[in-house]
>>> print(open('final_33.txt').read())   # compact mmCIF, C-alpha atoms
# COMPACT_ATOMS: atom_id res chain seq x y z
CA MET A 3 -23.16 68.94 17.67
CA ASN A 4 -21.93 66.86 20.57
CA LYS A 5 -18.38 68.15 21.01
CA GLN A 6 -17.34 70.96 23.33
CA GLN A 7 -14.18 72.14 25.02
CA VAL A 8 -14.76 71.97 28.75
CA ASN A 9 -11.63 72.55 30.83
CA LYS A 10 -11.83 69.42 32.96
CA ASP A 11 -8.90 70.50 35.10
CA LYS A 12 -10.89 73.55 36.23
CA VAL A 13 -14.00 71.41 36.69
CA GLN A 14 -12.02 69.03 38.89
CA LYS A 15 -10.58 71.88 40.99
CA GLY A 16 -14.03 73.41 41.46
CA PHE A 17 -15.42 70.18 42.85
CA VAL A 18 -12.40 69.65 45.12
CA LYS A 19 -13.06 73.07 46.66
CA SER A 20 -16.71 72.14 47.29
CA ILE A 21 -16.09 68.80 49.04
CA THR A 22 -17.14 70.15 52.46
CA THR A 23 -20.13 72.17 51.17
CA TYR A 24 -21.60 70.10 48.33
CA ARG A 25 -24.02 67.86 50.22
CA LYS A 26 -25.51 70.75 52.19
CA HIS A 27 -26.14 72.95 49.16
CA ALA A 28 -26.76 70.47 46.31
CA ILE A 29 -30.49 70.31 47.00
CA VAL A 30 -31.44 70.18 43.33
CA GLN A 31 -28.88 67.46 42.58
CA GLU A 32 -30.37 65.40 45.45
CA ALA A 33 -33.84 65.81 43.95
CA ILE A 34 -32.59 64.83 40.50
CA ALA A 35 -30.93 61.68 41.90
CA SER A 36 -34.14 60.76 43.71
CA ARG A 37 -36.17 61.15 40.51
CA LEU A 38 -33.78 58.98 38.48
CA ILE A 39 -33.77 56.21 41.10
CA ALA A 40 -37.57 56.34 41.40
CA GLU A 41 -37.95 55.81 37.64
CA MET A 42 -35.34 53.04 37.65
CA ARG A 43 -37.36 51.17 40.27
CA TRP A 44 -40.16 50.77 37.69
CA ARG A 45 -37.86 49.58 34.92
CA CYS A 46 -34.65 47.98 36.20
CA PRO A 47 -34.08 44.81 38.24
CA GLU A 48 -33.24 45.18 41.91
CA HIS A 49 -30.06 43.12 41.77
CA HIS A 50 -27.13 43.74 39.42
CA HIS A 51 -23.95 41.72 39.05
CA SER A 52 -21.78 44.70 38.05
CA VAL A 53 -22.48 48.43 38.07
CA LEU A 54 -20.41 51.39 36.92
CA GLU A 55 -21.39 54.81 38.24
CA ILE A 56 -19.85 57.71 36.35
CA GLY A 57 -19.22 60.97 38.20
CA CYS A 58 -20.19 59.65 41.62
CA GLY A 59 -19.15 62.80 43.51
CA PRO A 60 -19.76 62.55 47.26
CA ALA A 61 -22.18 59.61 46.82
CA VAL A 62 -25.50 61.44 46.34
CA LEU A 63 -26.77 58.98 43.72
CA THR A 64 -24.76 56.08 45.14
CA GLU A 65 -26.53 56.23 48.51
CA LYS A 66 -29.93 56.29 46.84
CA PHE A 67 -29.01 53.32 44.64
CA PHE A 68 -28.17 51.15 47.64
CA GLN A 69 -31.44 52.09 49.36
CA PHE A 70 -33.42 50.26 46.65
CA PHE A 71 -30.94 48.19 44.60
CA ASP A 72 -28.03 45.85 45.17
CA ALA A 73 -24.89 44.91 43.25
CA ASP A 74 -22.18 42.28 43.55
CA THR A 75 -19.62 44.80 42.31
CA TYR A 76 -20.13 48.58 42.23
CA LEU A 77 -17.45 50.65 40.53
CA ALA A 78 -17.76 54.31 41.50
CA ASN A 79 -15.85 56.64 39.19
CA ASP A 80 -15.00 60.30 39.63
CA ILE A 81 -12.36 62.68 38.36
CA VAL A 82 -11.98 63.94 41.95
CA GLU A 83 -9.81 61.34 43.68
CA GLU A 84 -10.55 62.91 47.07
CA TYR A 85 -14.04 61.37 47.01
CA ALA A 86 -12.59 57.85 47.39
CA PRO A 87 -12.88 57.59 51.22
CA VAL A 88 -16.52 58.70 51.14
CA LEU A 89 -17.46 56.03 48.61
CA GLU A 90 -15.42 53.19 50.07
CA SER A 91 -16.83 53.76 53.57
CA LEU A 92 -20.42 53.68 52.28
CA ASN A 93 -20.60 50.01 51.28
CA PRO A 94 -17.95 47.24 51.13
CA LYS A 95 -19.06 46.37 47.58
CA ILE A 96 -18.01 49.80 46.29
CA GLN A 97 -14.66 50.13 44.53
CA PHE A 98 -13.58 53.68 43.78
CA MET A 99 -12.24 54.20 40.27
CA GLY A 100 -10.51 57.56 39.92
CA GLY A 101 -9.78 59.46 36.73
CA ASP A 102 -11.40 60.90 33.64
CA ILE A 103 -13.72 58.13 32.49
CA GLU A 104 -14.17 59.70 29.06
CA SER A 105 -10.54 58.89 28.20
CA SER A 106 -10.46 55.53 30.03
CA ASP A 107 -11.26 51.99 28.96
CA LEU A 108 -14.57 50.87 30.44
CA PRO A 109 -15.05 47.60 32.31
CA GLN A 110 -16.94 45.09 30.15
CA ASN A 111 -20.14 43.06 30.51
CA LEU A 112 -21.72 45.58 32.88
CA ASP A 113 -25.34 45.19 33.99
CA LEU A 114 -25.82 48.90 34.59
CA ILE A 115 -24.07 52.16 33.75
CA LEU A 116 -25.42 54.90 35.99
CA SER A 117 -24.66 58.62 36.05
CA GLY A 118 -26.11 61.68 37.71
CA SER A 119 -25.51 65.25 36.52
CA THR A 120 -22.15 64.49 34.85
CA PHE A 121 -22.44 64.00 31.08
CA GLN A 122 -22.79 67.77 30.49
CA TRP A 123 -19.02 68.03 31.16
CA PHE A 124 -18.03 65.54 28.47
CA HIS A 125 -16.16 66.62 25.35
CA ASP A 126 -17.63 64.01 23.00
CA LEU A 127 -20.77 62.35 24.32
CA ASP A 128 -21.44 60.58 21.02
CA THR A 129 -18.21 58.58 21.21
CA PHE A 130 -18.68 57.89 24.91
CA LEU A 131 -22.19 56.51 24.41
CA GLU A 132 -20.77 54.13 21.82
CA LYS A 133 -18.27 52.94 24.47
CA CYS A 134 -21.13 52.47 26.94
CA HIS A 135 -23.00 50.35 24.41
CA ALA A 136 -19.96 48.12 23.95
CA ALA A 137 -19.43 47.80 27.72
CA LEU A 138 -22.97 46.75 28.62
CA SER A 139 -24.25 43.19 28.66
CA LYS A 140 -27.09 42.36 26.27
CA ASN A 141 -29.63 42.80 29.09
CA GLY A 142 -27.89 45.83 30.60
CA PHE A 143 -29.20 49.32 31.25
CA LEU A 144 -27.89 52.86 30.84
CA ALA A 145 -29.57 55.30 33.24
CA PHE A 146 -28.46 58.91 33.58
CA SER A 147 -29.41 62.50 34.17
CA SER A 148 -27.76 65.52 32.61
CA PHE A 149 -28.75 69.13 31.94
CA GLY A 150 -30.34 70.86 28.97
CA PRO A 151 -29.77 74.35 27.50
CA GLU A 152 -32.29 76.03 29.84
CA ASN A 153 -29.97 75.19 32.74
CA TYR A 154 -28.74 78.38 34.43
CA ARG A 155 -30.65 80.37 31.82
CA GLU A 156 -30.59 83.46 34.04
CA ILE A 157 -26.77 83.40 34.13
CA ARG A 158 -26.66 83.18 30.35
CA ALA A 159 -29.10 86.10 30.01
CA VAL A 160 -27.17 88.30 32.43
CA GLU A 161 -23.65 87.49 31.23
CA GLY A 162 -24.26 86.43 27.64
CA SER A 163 -22.30 83.18 27.99
CA GLY A 164 -22.27 79.81 29.71
CA LEU A 165 -21.74 76.10 29.18
CA ASN A 166 -22.95 74.73 25.84
CA TYR A 167 -25.53 72.16 26.87
CA LEU A 168 -26.95 69.65 24.40
CA SER A 169 -30.72 69.78 24.04
CA PHE A 170 -33.05 67.00 25.11
CA ASN A 171 -33.64 66.07 21.46
CA GLU A 172 -29.91 66.08 20.70
CA HIS A 173 -29.39 63.60 23.55
CA LEU A 174 -32.17 61.43 22.12
CA GLU A 175 -30.60 61.54 18.66
CA LEU A 176 -27.23 60.43 20.02
CA LEU A 177 -28.73 57.72 22.20
CA GLU A 178 -30.89 56.23 19.49
CA LYS A 179 -27.81 55.33 17.42
CA HIS A 180 -26.94 52.63 19.96
CA PHE A 181 -29.83 52.33 22.43
CA ASP A 182 -33.55 51.81 22.75
CA VAL A 183 -34.76 54.60 25.05
CA ILE A 184 -37.37 53.15 27.40
CA TRP A 185 -37.97 56.31 29.44
CA SER A 186 -36.99 59.95 29.10
CA GLU A 187 -38.09 63.22 30.67
CA LYS A 188 -37.11 66.85 31.09
CA GLU A 189 -38.19 69.43 33.64
CA ILE A 190 -37.37 72.86 35.05
CA ILE A 191 -36.51 73.22 38.73
CA THR A 192 -36.23 76.77 40.05
CA ARG A 193 -34.56 77.88 43.26
CA HIS A 194 -34.77 81.39 44.67
CA PHE A 195 -32.10 83.39 46.47
CA PRO A 196 -32.29 86.71 48.35
CA GLU A 197 -29.61 88.40 46.21
CA PRO A 198 -27.75 87.67 42.96
CA ILE A 199 -24.46 87.29 44.86
CA GLU A 200 -26.05 84.33 46.67
CA VAL A 201 -26.59 82.66 43.30
CA LEU A 202 -22.84 82.79 42.68
CA HIS A 203 -22.10 81.53 46.21
CA HIS A 204 -24.54 78.65 45.72
CA MET A 205 -22.91 77.62 42.45
CA LYS A 206 -19.46 77.72 43.99
CA ARG A 207 -20.57 75.62 46.99
CA THR A 208 -21.85 72.95 44.61
CA GLY A 209 -18.58 72.89 42.67
CA VAL A 210 -19.85 74.70 39.59
CA ASN A 211 -18.42 77.75 37.88
CA GLY A 212 -21.25 78.84 35.62
CA LEU A 213 -18.87 81.10 33.69
CA PRO A 214 -15.65 79.15 33.18
CA GLY A 215 -12.52 81.28 33.17
CA LYS A 216 -14.20 84.45 34.43
CA VAL A 217 -12.33 86.43 37.07
CA TRP A 218 -14.78 88.62 38.97
CA THR A 219 -13.92 92.24 39.81
CA LYS A 220 -15.95 94.48 42.14
CA THR A 221 -17.34 96.25 39.08
CA ASP A 222 -18.30 92.92 37.51
CA LEU A 223 -20.14 91.89 40.67
CA LYS A 224 -21.97 95.22 40.88
CA ASN A 225 -23.05 95.01 37.24
CA PHE A 226 -24.08 91.36 37.69
CA ASP A 227 -26.18 92.27 40.72
CA GLU A 228 -27.94 95.17 39.00
CA ARG A 229 -28.60 93.36 35.72
CA TYR A 230 -29.82 90.19 37.44
CA LYS A 231 -32.28 92.18 39.55
CA ASP A 232 -33.44 94.19 36.54
CA LEU A 233 -34.12 91.07 34.49
CA PHE A 234 -35.35 88.63 37.10
CA GLY A 235 -35.95 90.33 40.45
CA ILE A 236 -39.22 89.36 42.16
CA GLU A 237 -40.62 89.43 45.70
CA LEU A 238 -38.95 86.10 46.47
CA GLY A 239 -35.57 87.50 45.47
CA VAL A 240 -34.00 86.19 42.27
CA PRO A 241 -34.42 82.79 40.57
CA LEU A 242 -31.89 80.26 39.32
CA SER A 243 -33.24 77.62 36.95
CA TYR A 244 -32.07 74.07 36.45
CA GLN A 245 -33.14 71.91 33.50
CA PRO A 246 -32.50 68.27 34.36
CA ILE A 247 -33.01 65.74 31.59
CA TYR A 248 -33.32 62.01 32.25
CA PHE A 249 -32.87 58.84 30.22
CA ILE A 250 -33.12 55.10 30.81
CA ALA A 251 -32.09 52.98 27.85
CA LYS A 252 -31.14 49.46 26.77
CA PRO A 253 -28.42 48.64 24.24
CA LYS A 254 -29.48 47.76 20.70
CA ASN A 255 -28.27 44.83 18.65
CA LYS A 256 -26.08 43.12 21.23
CA ASP A 257 -24.74 39.71 20.28
CA LYS A 258 -26.84 36.92 21.73
CA GLY A 259 -23.82 34.73 22.53
>>> encode(input="final_33.txt", output="structure tokens")
Amino acid sequence: MNKQQVNKDKVQKGFVKSITTYRKHAIVQEAIASRLIAEMRWRCPEHHHSVLEIGCGPAVLTEKFFQFFDADTYLANDIVEEYAPVLESLNPKIQFMGGDIESSDLPQNLDLILSGSTFQWFHDLDTFLEKCHAALSKNGFLAFSSFGPENYREIRAVEGSGLNYLSFNEHLELLEKHFDVIWSEKEIITRHFPEPIEVLHHMKRTGVNGLPGKVWTKTDLKNFDERYKDLFGIELGVPLSYQPIYFIAKPKNKDKG
């Protein structure tokens, strides 16, 4: 249920190519980060001794964290090593931690594990959540956003394929093995573009290839354009849907020592 074969090398290369365009075009990701931080402000303490952010990217969520929270140590992880200067120049407390966190040992006794729009790329979220549980202090928090199966639903309808997203309920089922979920939510955010080709450009500028491994020919692009318009064309142009899902949780059954 929770295992998928994402080519992380291609994911990494896609985000490297989008370094100069991501912040300008990742409007939805900015909104998702703002929502997660807003909900954390109701439920999490302002000060943390040690924080691990997973999939920090170019500091979208990181910046918002430091607007409302503080940390003695903030470890910012990403598979894209080129993000390091952006993170380290943001705040002297930030230490960049490069590499694939799913196959790495996690720092221990963390107050907070934070992640925005990253867990959808993981091969085995079940095992990783178990590692998060072990890494958190007894009073720690896990707060993250990911995406559900309605994400990029138009792309799936037009092309008949896409990333295999876990559902909201599947995330809950995995979390509840090791965590008490104190807040969760899902929503649909829709953006509109003048033409279907602009949907593809938008995805590329935000580092995402919605159809991994596909090499586009002129015929493919023409068919994509026609089918997208046939299925979804409206006065505003064509839509692209996001389905962010959010969770804030505390670890179960931690030793009291």
>>> atom_distance(input="final_33.txt", atom1="CA of Met205 in chain A", atom2="CA of Glu83 in chain A")
20.9 Å
>>> atom_distance(input="final_33.txt", atom1="CA of Lys140 in chain A", atom2="CA of Val53 in chain A")
14.0 Å
>>> atom_distance(input="final_33.txt", atom1="CA of His180 in chain A", atom2="CA of Val30 in chain A")
29.6 Å
>>> closest_residue(input="final_33.txt", among="A:Ser117, A:Phe68, A:Ile247, A:Gly59", to="Leu89 in chain A", atoms="only C-alpha atoms")
A:Gly59
>>> residues_around(input="final_33.txt", residues="Thr120 in chain A", least_positions_apart="4", cutoff="9 Å", atoms="all atoms listed in the file", output="VMD selection string")
chain A and resid 56 to 58 124 146 to 149
>>> residues_around(input="final_33.txt", residues="Ser169 in chain A", least_positions_apart="2", cutoff="8 Å", atoms="all atoms listed in the file", output="PyMOL selection string")
chain A and resi 150-151+167+171-173
>>> closest_residue(input="final_33.txt", among="A:Arg37, A:Lys254, A:Lys133, A:Lys95", to="Ala145 in chain A", atoms="all atoms listed in the file")
A:Arg37
>>> axis_aligned_box(input="final_33.txt", around="range 146-155 of chain A", padding_each_side="4 Å", output="AutoDock Vina command-line options")
--center_x -30.0 --center_y 69.6 --center_z 31.0 --size_x 12.5 --size_y 29.5 --size_z 14.9
>>> closest_residue(input="final_33.txt", among="A:Val82, A:Ile199, A:Ile250, A:Ile39", to="Ile184 in chain A", atoms="only C-alpha atoms")
A:Ile250
>>> residues_around(input="final_33.txt", residues="Val240 in chain A", least_positions_apart="6", cutoff="10 Å", atoms="all atoms listed in the file", output="list in words")
Glu156, Thr192, Arg193, His194, Phe195, Pro196, Glu197, Pro198, Ile199, Glu200, Val201, Tyr230, Lys231, Asp232, Leu233 and Phe234 of chain A
>>> residues_around(input="final_33.txt", residues="range 105-116 of chain A", least_positions_apart="5", cutoff="7 Å", atoms="only C-alpha atoms", output="MDAnalysis selection string")
chainID A and resid 50:56 137:139 141:146
>>> closest_residue(input="final_33.txt", among="A:Asp128, A:Asp72, A:Asp222, A:Glu90", to="Pro47 in chain A", atoms="all atoms listed in the file")
A:Asp72
>>> closest_residue(input="final_33.txt", among="A:Glu161, A:Asn166, A:Asp182, A:Leu174", to="Asp227 in chain A", atoms="all atoms listed in the file")
A:Glu161
>>> decode(input="final_33.txt", residues="range 196-209 of chain A", atoms="all heavy atoms", output="compact mmCIF listing (two decimals), in the first residue's frame")
# COMPACT_ATOMS: atom_id res chain seq x y z
N PRO A 196 -3.81 29.55 -19.41
CA PRO A 196 -4.43 29.87 -20.70
C PRO A 196 -4.49 28.67 -21.65
O PRO A 196 -5.46 28.50 -22.38
CB PRO A 196 -3.53 30.98 -21.27
CG PRO A 196 -2.81 31.55 -20.11
CD PRO A 196 -2.65 30.43 -19.13
N GLU A 197 -3.44 27.85 -21.65
CA GLU A 197 -3.33 26.72 -22.57
C GLU A 197 -2.75 25.51 -21.85
O GLU A 197 -1.99 25.66 -20.89
CB GLU A 197 -2.40 27.08 -23.74
CG GLU A 197 -2.84 28.27 -24.58
CD GLU A 197 -4.03 27.95 -25.47
OE1 GLU A 197 -4.28 26.74 -25.72
OE2 GLU A 197 -4.69 28.90 -25.91
N PRO A 198 -3.05 24.30 -22.34
CA PRO A 198 -2.48 23.11 -21.72
C PRO A 198 -0.95 23.10 -21.69
O PRO A 198 -0.36 22.59 -20.73
CB PRO A 198 -3.03 21.97 -22.59
CG PRO A 198 -4.34 22.49 -23.08
CD PRO A 198 -4.10 23.95 -23.33
N ILE A 199 -0.30 23.65 -22.71
CA ILE A 199 1.16 23.67 -22.72
C ILE A 199 1.70 24.46 -21.52
O ILE A 199 2.78 24.15 -20.99
CB ILE A 199 1.71 24.25 -24.05
CG1 ILE A 199 3.23 24.04 -24.16
CG2 ILE A 199 1.37 25.73 -24.18
CD1 ILE A 199 3.64 22.62 -24.32
N GLU A 200 0.94 25.45 -21.07
CA GLU A 200 1.36 26.24 -19.91
C GLU A 200 1.30 25.41 -18.62
O GLU A 200 2.04 25.68 -17.67
CB GLU A 200 0.51 27.50 -19.77
CG GLU A 200 0.79 28.55 -20.83
CD GLU A 200 2.24 29.02 -20.78
OE1 GLU A 200 2.76 29.26 -19.66
OE2 GLU A 200 2.86 29.15 -21.85
N VAL A 201 0.43 24.42 -18.59
CA VAL A 201 0.39 23.49 -17.45
C VAL A 201 1.72 22.75 -17.36
O VAL A 201 2.33 22.65 -16.28
CB VAL A 201 -0.78 22.49 -17.59
CG1 VAL A 201 -0.70 21.43 -16.50
CG2 VAL A 201 -2.11 23.22 -17.53
N LEU A 202 2.19 22.24 -18.49
CA LEU A 202 3.46 21.52 -18.51
C LEU A 202 4.63 22.43 -18.14
O LEU A 202 5.53 22.04 -17.39
CB LEU A 202 3.70 20.90 -19.89
CG LEU A 202 2.71 19.81 -20.32
CD1 LEU A 202 3.04 19.32 -21.72
CD2 LEU A 202 2.69 18.64 -19.34
N HIS A 203 4.61 23.66 -18.66
CA HIS A 203 5.67 24.62 -18.32
C HIS A 203 5.67 24.91 -16.82
O HIS A 203 6.74 24.98 -16.19
CB HIS A 203 5.48 25.92 -19.10
CG HIS A 203 5.80 25.78 -20.55
ND1 HIS A 203 5.35 26.68 -21.51
CD2 HIS A 203 6.51 24.85 -21.24
CE1 HIS A 203 5.78 26.30 -22.70
NE2 HIS A 203 6.48 25.20 -22.57
N HIS A 204 4.48 25.10 -16.26
CA HIS A 204 4.36 25.37 -14.82
C HIS A 204 4.94 24.23 -14.00
O HIS A 204 5.70 24.46 -13.04
CB HIS A 204 2.89 25.58 -14.46
CG HIS A 204 2.61 25.49 -13.00
ND1 HIS A 204 2.96 26.48 -12.11
CD2 HIS A 204 2.02 24.50 -12.25
CE1 HIS A 204 2.60 26.12 -10.89
NE2 HIS A 204 2.04 24.92 -10.95
N MET A 205 4.61 23.01 -14.36
CA MET A 205 5.11 21.86 -13.61
C MET A 205 6.63 21.77 -13.69
O MET A 205 7.30 21.53 -12.69
CB MET A 205 4.45 20.59 -14.14
CG MET A 205 2.95 20.54 -13.85
SD MET A 205 2.09 19.26 -14.77
CE MET A 205 2.69 17.79 -13.96
N LYS A 206 7.17 22.03 -14.87
CA LYS A 206 8.62 21.98 -15.04
C LYS A 206 9.30 23.07 -14.21
O LYS A 206 10.35 22.83 -13.59
CB LYS A 206 8.97 22.16 -16.51
CG LYS A 206 10.45 21.99 -16.82
CD LYS A 206 10.71 22.07 -18.32
CE LYS A 206 12.20 21.86 -18.62
NZ LYS A 206 12.46 21.93 -20.08
N ARG A 207 8.70 24.27 -14.16
CA ARG A 207 9.31 25.37 -13.42
C ARG A 207 9.27 25.15 -11.91
O ARG A 207 10.01 25.79 -11.17
CB ARG A 207 8.59 26.68 -13.77
CG ARG A 207 8.89 27.18 -15.18
CD ARG A 207 7.90 28.24 -15.62
NE ARG A 207 8.11 28.64 -17.00
CZ ARG A 207 7.13 29.07 -17.81
NH1 ARG A 207 5.88 29.16 -17.37
NH2 ARG A 207 7.41 29.41 -19.06
N THR A 208 8.40 24.26 -11.47
CA THR A 208 8.35 23.93 -10.04
C THR A 208 9.02 22.59 -9.76
O THR A 208 8.82 21.99 -8.70
CB THR A 208 6.90 23.92 -9.52
OG1 THR A 208 6.10 23.04 -10.31
CG2 THR A 208 6.30 25.31 -9.56
N GLY A 209 9.80 22.11 -10.72
CA GLY A 209 10.63 20.93 -10.50
C GLY A 209 9.95 19.60 -10.65
O GLY A 209 10.53 18.56 -10.35
